[in-house]
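Source file: run.cif (mmCIF, C-alpha atoms and all ligand atoms)
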```cif
data_model
#
loop_
_atom_site.label_atom_id
_atom_site.label_comp_id
_atom_site.auth_asym_id
_atom_site.auth_seq_id
_atom_site.Cartn_x
_atom_site.Cartn_y
_atom_site.Cartn_z
CA MET U 1 62.88 -19.53 41.38
CA GLY U 2 62.80 -22.72 39.28
CA GLU U 3 60.18 -25.40 39.76
CA GLN U 4 62.52 -28.38 39.84
CA LYS U 5 64.25 -27.75 43.16
CA LYS U 6 62.78 -29.12 46.35
CA ARG U 7 61.52 -26.60 48.85
CA VAL U 8 62.70 -25.76 52.34
CA LEU U 9 60.65 -23.72 54.78
CA SER U 10 61.31 -22.58 58.31
CA GLY U 11 60.59 -19.70 60.65
CA ILE U 12 61.45 -18.07 63.95
CA GLN U 13 59.23 -16.01 66.22
CA PRO U 14 60.31 -12.41 66.68
CA SER U 15 60.25 -12.61 70.44
CA GLY U 16 63.32 -11.94 72.59
CA GLN U 17 66.82 -11.72 71.12
CA LEU U 18 67.98 -14.22 68.52
CA CYS U 19 70.54 -16.40 70.24
CA ILE U 20 73.18 -19.00 69.49
CA SER U 21 70.78 -21.88 70.09
CA ASN U 22 68.60 -20.55 67.25
CA TYR U 23 71.71 -20.34 65.11
CA ILE U 24 72.93 -23.83 65.92
CA GLY U 25 69.49 -25.46 65.92
CA ALA U 26 68.10 -23.72 62.88
CA LEU U 27 69.83 -20.83 61.09
CA LYS U 28 73.08 -22.66 60.44
CA ASN U 29 71.18 -25.29 58.47
CA TRP U 30 69.04 -22.68 56.74
CA ILE U 31 72.18 -21.15 55.31
CA LYS U 32 73.60 -24.47 54.19
CA LEU U 33 70.38 -25.62 52.55
CA GLN U 34 70.26 -22.56 50.28
CA ASP U 35 72.81 -24.22 48.01
CA GLU U 36 70.52 -27.05 47.10
CA TYR U 37 66.94 -26.03 47.76
CA GLU U 38 64.49 -23.29 47.06
CA CYS U 39 64.15 -21.74 50.51
CA ILE U 40 61.54 -19.65 52.25
CA TYR U 41 62.42 -18.22 55.65
CA LEU U 42 59.72 -16.65 57.75
CA ILE U 43 59.57 -14.26 60.62
CA VAL U 44 56.49 -15.65 62.30
CA ASP U 45 55.08 -12.51 63.85
CA LEU U 46 51.57 -13.97 64.22
CA HIS U 47 52.99 -16.76 66.37
CA SER U 48 54.75 -14.26 68.59
CA LEU U 49 51.40 -12.65 69.47
CA THR U 50 50.56 -15.69 71.59
CA VAL U 51 52.66 -13.90 74.21
CA GLU U 52 51.87 -10.25 74.88
CA GLN U 53 54.16 -7.96 72.85
CA LYS U 54 54.73 -4.23 73.04
CA PRO U 55 53.72 -2.97 69.58
CA ALA U 56 56.70 -0.65 69.03
CA ASP U 57 59.17 -3.32 70.17
CA LEU U 58 57.60 -5.96 67.97
CA ARG U 59 57.78 -3.71 64.92
CA GLN U 60 61.43 -2.88 65.56
CA ARG U 61 62.29 -6.51 66.29
CA CYS U 62 60.85 -7.77 63.00
CA TYR U 63 63.25 -5.52 61.09
CA SER U 64 66.08 -6.50 63.38
CA TYR U 65 65.40 -10.19 62.74
CA VAL U 66 65.41 -9.70 58.98
CA ALA U 67 68.76 -7.93 59.26
CA GLN U 68 70.11 -10.72 61.47
CA TYR U 69 68.96 -13.41 59.02
CA LEU U 70 70.86 -11.60 56.28
CA ALA U 71 73.90 -10.92 58.47
CA CYS U 72 74.13 -14.64 59.26
CA GLY U 73 74.18 -15.52 55.58
CA ILE U 74 70.63 -15.83 54.31
CA ASP U 75 70.97 -14.64 50.73
CA PRO U 76 67.93 -12.73 49.46
CA GLU U 77 69.00 -13.42 45.88
CA ARG U 78 68.38 -17.10 46.46
CA SER U 79 65.90 -17.30 49.32
CA LEU U 80 62.65 -15.58 50.15
CA VAL U 81 62.53 -13.73 53.44
CA VAL U 82 58.94 -13.22 54.45
CA ILE U 83 57.05 -11.71 57.35
CA GLN U 84 54.23 -14.13 58.05
CA SER U 85 51.51 -11.49 58.49
CA HIS U 86 52.29 -10.04 55.05
CA VAL U 87 50.75 -13.14 53.49
CA PRO U 88 47.18 -13.44 54.82
CA GLU U 89 46.82 -16.95 53.38
CA HIS U 90 48.65 -18.27 56.47
CA ALA U 91 45.71 -17.29 58.65
CA GLU U 92 43.18 -18.46 56.06
CA LEU U 93 44.64 -21.94 55.74
CA THR U 94 44.89 -22.13 59.52
CA TRP U 95 41.11 -21.94 59.77
CA ILE U 96 40.69 -24.86 57.38
CA LEU U 97 43.29 -26.92 59.24
CA ASN U 98 41.58 -26.07 62.55
CA THR U 99 38.59 -28.00 61.30
CA ILE U 100 40.56 -31.20 60.74
CA THR U 101 42.67 -31.07 63.92
CA TYR U 102 41.49 -33.04 66.96
CA MET U 103 41.53 -31.45 70.42
CA GLY U 104 43.31 -34.59 71.63
CA GLU U 105 46.21 -33.87 69.28
CA LEU U 106 46.62 -30.36 70.66
CA ASN U 107 46.25 -31.57 74.25
CA ARG U 108 49.30 -33.76 73.77
CA MET U 109 51.61 -30.93 72.68
CA THR U 110 54.39 -30.62 75.24
CA GLN U 111 55.26 -27.04 74.27
CA PHE U 112 51.70 -25.95 75.09
CA LYS U 113 51.85 -27.77 78.42
CA ASP U 114 55.18 -26.12 79.27
CA LYS U 115 54.17 -22.66 78.15
CA SER U 116 50.81 -22.71 79.87
CA LYS U 117 52.43 -23.73 83.16
CA ASN U 118 54.05 -20.31 83.52
CA ALA U 119 51.87 -18.11 81.32
CA LYS U 120 49.71 -15.42 82.89
CA ASN U 121 47.70 -15.40 79.73
CA ILE U 122 46.76 -18.87 78.49
CA ASN U 123 45.05 -17.79 75.31
CA ALA U 124 43.46 -19.86 72.55
CA GLY U 125 46.30 -18.87 70.21
CA LEU U 126 48.83 -20.59 72.42
CA TYR U 127 46.75 -23.74 72.15
CA THR U 128 46.26 -23.65 68.38
CA TYR U 129 49.84 -22.42 67.73
CA PRO U 130 50.90 -25.73 66.10
CA ILE U 131 48.09 -25.45 63.54
CA LEU U 132 49.35 -22.06 62.40
CA MET U 133 52.79 -23.61 62.10
CA ALA U 134 51.37 -26.47 60.00
CA SER U 135 49.75 -23.95 57.72
CA ASP U 136 53.08 -22.08 57.30
CA ILE U 137 54.61 -25.29 56.07
CA LEU U 138 51.78 -26.81 54.03
CA LEU U 139 50.90 -23.56 52.28
CA TYR U 140 54.22 -23.65 50.42
CA GLN U 141 54.31 -27.41 49.82
CA ALA U 142 57.59 -27.57 51.73
CA ASP U 143 59.58 -30.79 51.44
CA LEU U 144 61.99 -30.12 54.28
CA VAL U 145 61.76 -28.16 57.53
CA PRO U 146 65.03 -27.35 59.34
CA VAL U 147 64.34 -26.76 63.06
CA GLY U 148 65.71 -27.62 66.49
CA ALA U 149 64.66 -30.81 68.28
CA ASP U 150 62.00 -28.98 70.31
CA GLN U 151 59.86 -28.61 67.17
CA LYS U 152 59.71 -32.32 66.36
CA GLN U 153 56.25 -32.86 67.81
CA HIS U 154 54.84 -29.83 66.01
CA LEU U 155 56.22 -31.14 62.75
CA GLU U 156 54.66 -34.49 63.35
CA LEU U 157 51.29 -32.73 63.59
CA SER U 158 51.97 -30.94 60.29
CA ARG U 159 52.66 -34.29 58.67
CA ASN U 160 49.52 -35.83 60.12
CA LEU U 161 47.35 -32.95 58.95
CA ALA U 162 48.80 -33.12 55.44
CA GLU U 163 48.15 -36.85 55.27
CA ARG U 164 44.66 -36.51 56.73
CA PHE U 165 43.66 -33.84 54.23
CA ASN U 166 45.17 -35.75 51.32
CA GLN U 167 43.27 -38.86 52.33
CA ARG U 168 39.97 -37.15 52.97
CA TYR U 169 39.94 -35.16 49.71
CA SER U 170 42.75 -36.06 47.31
CA PRO U 171 46.52 -35.51 47.20
CA THR U 172 46.98 -31.77 47.85
CA PHE U 173 49.79 -31.20 50.32
CA THR U 174 53.41 -32.33 50.29
CA VAL U 175 54.11 -34.24 53.50
CA PRO U 176 57.11 -32.39 55.01
CA GLU U 177 60.21 -34.04 56.44
CA PRO U 178 61.98 -32.68 59.53
CA TYR U 179 65.64 -31.69 59.31
CA ILE U 180 67.07 -31.63 62.83
CA PRO U 181 70.77 -31.45 63.79
CA LYS U 182 71.77 -34.73 65.44
CA SER U 183 73.96 -33.79 68.34
CA SER U 184 73.14 -30.09 68.64
CA GLY U 185 69.38 -30.01 68.16
CA ARG U 186 68.97 -29.02 71.78
CA ILE U 187 71.31 -26.44 73.29
CA MET U 188 70.78 -25.95 77.02
CA SER U 189 70.60 -22.84 79.22
CA LEU U 190 73.97 -21.62 80.57
CA GLN U 191 72.73 -21.17 84.13
CA ASN U 192 70.28 -24.02 84.25
CA PRO U 193 71.38 -26.84 81.96
CA ASP U 194 68.20 -28.84 82.60
CA ASN U 195 66.26 -26.30 80.54
CA LYS U 196 66.75 -25.46 76.88
CA MET U 197 68.47 -22.21 75.99
CA SER U 198 65.68 -19.83 75.05
CA LYS U 199 65.80 -16.39 73.49
CA SER U 200 62.83 -15.24 75.54
CA ASP U 201 64.43 -16.17 78.86
CA GLU U 202 64.10 -13.38 81.43
CA ASN U 203 67.63 -14.02 82.69
CA GLU U 204 70.04 -12.86 80.00
CA ASN U 205 72.85 -14.91 81.54
CA ASN U 206 71.05 -18.02 80.33
CA PHE U 207 71.72 -17.36 76.67
CA ILE U 208 74.19 -15.75 74.30
CA ALA U 209 72.50 -13.40 71.86
CA LEU U 210 73.84 -13.23 68.30
CA LEU U 211 74.41 -9.51 68.83
CA ASP U 212 76.15 -9.76 72.22
CA ASP U 213 79.57 -8.08 72.23
CA GLU U 214 82.82 -9.86 73.01
CA ASP U 215 83.01 -8.92 76.70
CA THR U 216 79.43 -9.96 77.31
CA ILE U 217 79.97 -13.31 75.63
CA ILE U 218 83.13 -14.06 77.57
CA ARG U 219 81.48 -13.04 80.84
CA LYS U 220 78.40 -15.19 80.20
CA VAL U 221 80.51 -18.25 79.38
CA LYS U 222 82.67 -17.71 82.48
CA ARG U 223 79.56 -17.57 84.64
CA ALA U 224 77.99 -20.63 83.05
CA VAL U 225 77.19 -23.38 85.53
CA THR U 226 79.64 -26.25 85.41
CA ASP U 227 79.52 -29.20 87.70
CA SER U 228 81.72 -30.11 90.60
CA GLY U 229 85.00 -31.69 89.54
CA SER U 230 87.83 -30.41 87.43
CA GLU U 231 88.19 -32.74 84.47
CA ILE U 232 86.86 -31.69 81.06
CA VAL U 233 84.66 -34.68 80.20
CA PHE U 234 81.65 -35.05 77.94
CA SER U 235 79.17 -36.96 80.08
CA ASP U 236 75.46 -37.04 80.92
CA ASP U 237 76.45 -36.82 84.58
CA LYS U 238 77.77 -33.33 83.93
CA PRO U 239 75.04 -31.59 81.95
CA GLY U 240 76.50 -28.07 82.30
CA LEU U 241 79.91 -29.09 81.02
CA LYS U 242 78.39 -31.33 78.38
CA ASN U 243 76.46 -28.38 77.00
CA LEU U 244 79.58 -26.21 76.90
CA ILE U 245 81.52 -28.94 75.11
CA THR U 246 78.67 -29.23 72.60
CA LEU U 247 78.92 -25.47 72.00
CA TYR U 248 82.69 -25.74 71.63
CA SER U 249 82.21 -28.51 69.13
CA CYS U 250 79.67 -26.47 67.12
CA TYR U 251 82.00 -23.50 66.92
CA SER U 252 85.24 -25.39 66.24
CA ASP U 253 84.26 -28.49 64.29
CA LEU U 254 86.24 -30.55 66.82
CA SER U 255 84.39 -33.59 68.15
CA PRO U 256 83.65 -33.83 71.89
CA LYS U 257 86.38 -36.49 72.08
CA ASP U 258 88.93 -34.14 70.44
CA ILE U 259 87.97 -31.46 72.92
CA GLU U 260 88.40 -33.81 75.90
CA ASN U 261 91.86 -34.68 74.61
CA LYS U 262 92.79 -31.07 74.01
CA TYR U 263 91.97 -30.13 77.62
CA VAL U 264 93.51 -33.04 79.50
CA GLY U 265 95.16 -31.58 82.59
CA LYS U 266 93.69 -28.13 81.99
CA MET U 267 91.20 -26.29 84.17
CA TYR U 268 87.56 -25.35 83.64
CA SER U 269 88.64 -21.71 83.57
CA ASP U 270 91.04 -22.32 80.64
CA PHE U 271 88.38 -24.16 78.72
CA LYS U 272 85.76 -21.49 79.37
CA GLN U 273 88.08 -18.66 78.38
CA ASP U 274 88.82 -20.38 75.05
CA LEU U 275 85.17 -21.16 74.45
CA GLY U 276 84.14 -17.55 75.15
CA GLU U 277 86.75 -16.28 72.70
CA LEU U 278 85.79 -18.84 70.08
CA ILE U 279 82.12 -17.84 70.16
CA ALA U 280 82.95 -14.12 70.27
CA GLU U 281 85.22 -14.44 67.27
CA SER U 282 82.61 -16.28 65.28
CA LEU U 283 79.82 -13.79 66.11
CA LYS U 284 81.88 -10.67 65.44
CA PRO U 285 81.45 -10.60 61.63
CA ILE U 286 77.71 -11.17 62.06
CA ARG U 287 77.49 -8.18 64.38
CA ILE U 288 79.45 -5.99 61.99
CA ARG U 289 77.34 -6.98 58.99
CA TYR U 290 74.20 -6.46 61.05
CA GLU U 291 75.16 -2.87 61.87
CA GLU U 292 75.59 -2.16 58.16
CA ILE U 293 72.32 -3.76 57.12
CA ILE U 294 70.01 -2.48 59.87
CA SER U 295 70.57 1.14 58.89
CA GLU U 296 69.35 0.44 55.34
CA LYS U 297 65.61 0.45 55.89
CA ASP U 298 64.82 0.84 52.17
CA TYR U 299 66.88 -2.19 51.30
CA LEU U 300 65.16 -4.26 54.01
CA SER U 301 61.72 -3.10 52.86
CA LYS U 302 62.54 -4.04 49.28
CA ILE U 303 63.60 -7.55 50.28
CA LEU U 304 60.44 -8.00 52.32
CA SER U 305 58.17 -6.74 49.61
CA GLU U 306 59.76 -9.03 47.00
CA GLY U 307 59.56 -11.90 49.47
CA SER U 308 55.89 -11.42 50.19
CA ASP U 309 54.97 -10.95 46.51
CA LYS U 310 56.55 -14.23 45.52
CA ALA U 311 55.30 -16.04 48.60
CA SER U 312 51.75 -14.75 48.08
CA TYR U 313 51.69 -16.20 44.61
CA LEU U 314 52.66 -19.66 45.87
CA ALA U 315 50.34 -19.42 48.86
CA ARG U 316 47.34 -18.39 46.76
CA ARG U 317 47.89 -21.34 44.47
CA THR U 318 47.71 -23.83 47.33
CA LEU U 319 44.81 -22.12 49.04
CA SER U 320 42.67 -22.00 45.87
CA LYS U 321 43.23 -25.69 45.43
CA VAL U 322 42.23 -26.35 49.05
CA TYR U 323 39.08 -24.23 48.82
CA ARG U 324 38.04 -25.98 45.63
CA LYS U 325 38.60 -29.46 47.03
CA ILE U 326 36.59 -28.90 50.16
CA GLY U 327 33.66 -27.48 48.22
CA LEU U 328 33.83 -23.77 48.96
CA VAL U 329 32.16 -21.88 46.15
P1 LIG U 401 62.24 -20.22 69.04
O1 LIG U 401 63.35 -19.57 69.78
O2 LIG U 401 61.42 -21.13 69.89
O3 LIG U 401 61.42 -19.25 68.21
O4 LIG U 401 62.93 -21.20 67.99
C1 LIG U 401 63.46 -20.83 66.75
C2 LIG U 401 64.23 -21.97 66.16
O5 LIG U 401 65.39 -22.24 66.96
C3 LIG U 401 63.47 -23.30 66.10
O6 LIG U 401 63.86 -24.01 64.95
C4 LIG U 401 63.90 -24.01 67.32
O7 LIG U 401 63.79 -25.40 67.20
C5 LIG U 401 65.37 -23.59 67.42
N1 LIG U 401 65.78 -23.61 68.82
C6 LIG U 401 65.24 -22.86 69.82
N2 LIG U 401 65.83 -23.14 71.00
C7 LIG U 401 66.75 -24.10 70.73
C8 LIG U 401 67.70 -24.81 71.54
N3 LIG U 401 67.80 -24.59 72.85
N4 LIG U 401 68.50 -25.72 70.93
C9 LIG U 401 68.40 -25.94 69.60
N5 LIG U 401 67.54 -25.31 68.79
C10 LIG U 401 66.73 -24.40 69.34
N1 LIG U 402 57.09 -22.96 66.13
C1 LIG U 402 58.43 -22.64 65.72
C2 LIG U 402 59.26 -22.32 66.97
O1 LIG U 402 58.75 -22.01 68.01
C3 LIG U 402 58.46 -21.46 64.80
C4 LIG U 402 57.72 -21.73 63.53
C5 LIG U 402 56.53 -21.20 63.15
C6 LIG U 402 58.15 -22.58 62.47
N2 LIG U 402 56.19 -21.66 61.93
C7 LIG U 402 57.16 -22.49 61.47
C8 LIG U 402 59.26 -23.38 62.28
C9 LIG U 402 57.25 -23.22 60.28
C10 LIG U 402 59.35 -24.11 61.09
C11 LIG U 402 58.36 -24.02 60.11
O2 LIG U 402 60.43 -22.38 66.90
#
```
Could you spell out this file's structure in structure tokens?
Amino acid sequence: MGEQKKRVLSGIQPSGQLCISNYIGALKNWIKLQDEYECIYLIVDLHSLTVEQKPADLRQRCYSYVAQYLACGIDPERSLVVIQSHVPEHAELTWILNTITYMGELNRMTQFKDKSKNAKNINAGLYTYPILMASDILLYQADLVPVGADQKQHLELSRNLAERFNQRYSPTFTVPEPYIPKSSGRIMSLQNPDNKMSKSDENENNFIALLDDEDTIIRKVKRAVTDSGSEIVFSDDKPGLKNLITLYSCYSDLSPKDIENKYVGKMYSDFKQDLGELIAESLKPIRIRYEEIISEKDYLSKILSEGSDKASYLARRTLSKVYRKIGLV
């Protein structure tokens, strides 16, 4: 990888099944940005431990996620695919950043507030989660971080920590910029459009997984909550329908206005049938490629080992600098 290109970094937790909101909010941009940037894409397994995981499932899921990244179009010739725990510097830098993060900053994090409302296990990791995320980003001197809108506050903390460290010692970290899709940074749940679509949702009808088959996708879209009425309109008063139109727009490149026009005089059921088919058609090649890739364990291991070698080199360079600046011998 050349030195001149700017760097992109992002990651997804291997919890639950990767779903279309992850694709629209994050992966789609990851793929696009490969043309112009030097990209590092993580599977943030350490983050996923903040919720209890079954060891065998977690191990299997990490491989599955790598294969899904590749099936979606992440190109290992151009981008590094890295499992976070393979590069111990992430945890090391986290400790240093812990010491410059204020409790007040963490107390304000809305994701922690939301997650700890329902969690049986409110562990310290859930609380310090955003610091580990900051270390993922700052360790590689990332310029740009493509994520969904829900990660905006976490990114703000990463920026603040970079600036604080740079000011306290001397310029060390690149201050990262967020890269968030404008209209589709927040895809909502199919059954409960007041909540975001989440891959760890217990109710599978709330999301469409990237590996769902055609029948499942069409059934889930058919069952999606729409609002009373019959007109296909894109309006805040109809959050369920608005979300489905947003999805339609993401998968067709038609604007919400075009979609309204296309469905004048048509019924919800027509619209939903078309949307289901549209999504199914777009996910089919991903599913086929995934089936090919997942059976090639040696190939996946090779990509991961190359990824972590190159990432470790970059990470070590930053961490040595940090240790030196703060006076560790
Ligand atoms: P997570 O599922 O929380 O591990 O998120 C992985 C990536 O997908 C992050 O960049 C999130 O911002 C993005 N993402 C997750 N849920 C949504 C959603 N409902 N709408 C848009 N982006 C999302
Ligand atoms: N916190 C992010 C999420 O829940 C995942 C994540 C971890 C991440 N480290 C990151 C995203 C670094 C971008 C960059 O979605």
Work out how far apart atom CA of U:Val87 and atom CA of U:Ala315 are and give it in Å to one decimal. 7.8 Å
List as a PyMOL selection string the protein and nucleic acid residues lying within 7 Å of ligand LIG 402 (chain U), with only C-alpha atoms and all ligand atoms counted. chain U and resi 9-13+44+47+130+132-134+136-137+145-147+151
Residues as selected, C-alpha atoms, written as a PDB file, in the frame of the given file, can you do that?
```
ATOM      1  CA  LEU U   9      60.650 -23.720  54.780  1.00  0.00           C
ATOM      2  CA  SER U  10      61.310 -22.580  58.310  1.00  0.00           C
ATOM      3  CA  GLY U  11      60.590 -19.700  60.650  1.00  0.00           C
ATOM      4  CA  ILE U  12      61.450 -18.070  63.950  1.00  0.00           C
ATOM      5  CA  GLN U  13      59.230 -16.010  66.220  1.00  0.00           C
ATOM      6  CA  VAL U  44      56.490 -15.650  62.300  1.00  0.00           C
ATOM      7  CA  HIS U  47      52.990 -16.760  66.370  1.00  0.00           C
ATOM      8  CA  PRO U 130      50.900 -25.730  66.100  1.00  0.00           C
ATOM      9  CA  LEU U 132      49.350 -22.060  62.400  1.00  0.00           C
ATOM     10  CA  MET U 133      52.790 -23.610  62.100  1.00  0.00           C
ATOM     11  CA  ALA U 134      51.370 -26.470  60.000  1.00  0.00           C
ATOM     12  CA  ASP U 136      53.080 -22.080  57.300  1.00  0.00           C
ATOM     13  CA  ILE U 137      54.610 -25.290  56.070  1.00  0.00           C
ATOM     14  CA  VAL U 145      61.760 -28.160  57.530  1.00  0.00           C
ATOM     15  CA  PRO U 146      65.030 -27.350  59.340  1.00  0.00           C
ATOM     16  CA  VAL U 147      64.340 -26.760  63.060  1.00  0.00           C
ATOM     17  CA  GLN U 151      59.860 -28.610  67.170  1.00  0.00           C
TER      18      GLN U 151
END
```
Tell me which of U:Asp150, U:Glu292, U:Asp215, U:Glu163 sits closest to U:Ser21, counting all atoms listed in the file.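 For U:Ser21, the nearest of the given residues is U:Asp150.
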Identify, on the basis of only C-alpha atoms, every residue whose closest approach to U:Ile83 does not exceed 12 Å; exclude the query and any residue fewer than 5 positions from it along the same chain; express the result as a PyMOL selection string. chain U and resi 10-14+40-48+59+61-63+65-66+88+90+136+300-301+303-309+311-312
Please measure the separation of atom CA of U:Lys222 and atom CA of U:Glu291, giving the value in Å to one decimal.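 Atom CA of U:Lys222 sits 26.5 Å away from atom CA of U:Glu291.
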Set out as a tab-separated table a contact list for chain U and ligand LIG 401 (chain U) with a cut-off of 10 Å, giving each residue of chain U that qualifies its closest atom pair and distance in Å to one decimal, counting all atoms listed in the file, ordered by chain and rising residue number.
```
residue	atom	partner	partner_atom	distance
U:Ser10	CA	U:LIG401	O6	7.3
U:Gly11	CA	U:LIG401	C1	6.8
U:Ile12	CA	U:LIG401	C1	4.4
U:Gln13	CA	U:LIG401	O3	4.4
U:Pro14	CA	U:LIG401	O3	7.1
U:Ser15	CA	U:LIG401	O3	7.1
U:Gly16	CA	U:LIG401	O1	8.1
U:Gln17	CA	U:LIG401	O1	8.7
U:Leu18	CA	U:LIG401	O1	7.2
U:Cys19	CA	U:LIG401	O1	7.9
U:Ile20	CA	U:LIG401	C8	8.2
U:Ser21	CA	U:LIG401	C8	4.5
U:Asn22	CA	U:LIG401	O5	3.6
U:Tyr23	CA	U:LIG401	O5	6.9
U:Ile24	CA	U:LIG401	C9	6.2
U:Gly25	CA	U:LIG401	N5	3.5
U:Ala26	CA	U:LIG401	O6	4.7
U:Leu27	CA	U:LIG401	O5	7.5
U:Asn29	CA	U:LIG401	O6	9.9
U:Trp30	CA	U:LIG401	O6	9.8
U:Ile43	CA	U:LIG401	O3	9.3
U:Val44	CA	U:LIG401	O3	8.5
U:His47	CA	U:LIG401	O3	9.0
U:Ser48	CA	U:LIG401	O3	8.3
U:Gln111	CA	U:LIG401	O2	9.6
U:Val145	CA	U:LIG401	O6	8.8
U:Pro146	CA	U:LIG401	O6	6.6
U:Val147	CA	U:LIG401	O6	3.4
U:Gly148	CA	U:LIG401	O7	3.0
U:Ala149	CA	U:LIG401	O7	5.6
U:Asp150	CA	U:LIG401	O7	5.1
U:Gln151	CA	U:LIG401	O7	5.1
U:Lys152	CA	U:LIG401	O7	8.1
U:Tyr179	CA	U:LIG401	O6	9.7
U:Ile180	CA	U:LIG401	O7	8.3
U:Pro181	CA	U:LIG401	C9	8.4
U:Ser183	CA	U:LIG401	C9	9.7
U:Ser184	CA	U:LIG401	C9	6.4
U:Gly185	CA	U:LIG401	C9	4.4
U:Arg186	CA	U:LIG401	N4	3.4
U:Ile187	CA	U:LIG401	N4	3.7
U:Met188	CA	U:LIG401	N3	5.3
U:Ser189	CA	U:LIG401	N3	7.2
U:Asn195	CA	U:LIG401	N3	8.0
U:Lys196	CA	U:LIG401	N3	4.3
U:Met197	CA	U:LIG401	N3	4.0
U:Ser198	CA	U:LIG401	N2	5.2
U:Lys199	CA	U:LIG401	O1	5.5
U:Ser200	CA	U:LIG401	O1	7.2
U:Asp201	CA	U:LIG401	O1	9.8
U:Phe207	CA	U:LIG401	N3	9.1
```
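Here the question is which of U:Ser320, U:Leu247, U:Ser228, U:Glu52 gets nearest to U:Asn123 using only C-alpha atoms, and that residue is U:Glu52.
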Neighbours of point (70.0, -17.0, 51.1) within 12 Å, using only C-alpha atoms, written as a VMD selection string: chain U and resid 8 27 to 41 66 69 to 81 303 307
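Take atom CA of U:Ala67 and atom CA of U:Gln84: the distance between them is 15.8 Å.
Taking only C-alpha atoms into account, U:Ser252 lies nearest to U:Ile279 out of the set U:Leu328, U:Met267, U:Ile232, U:Ile279.
The neighbours of U:Asn192 here are the residues that come within 8 Å of it, using all atoms listed in the file and leaving out any residue fewer than 5 positions away in the same chain; they are Asn206, Val225 and Gly240 of chain U.
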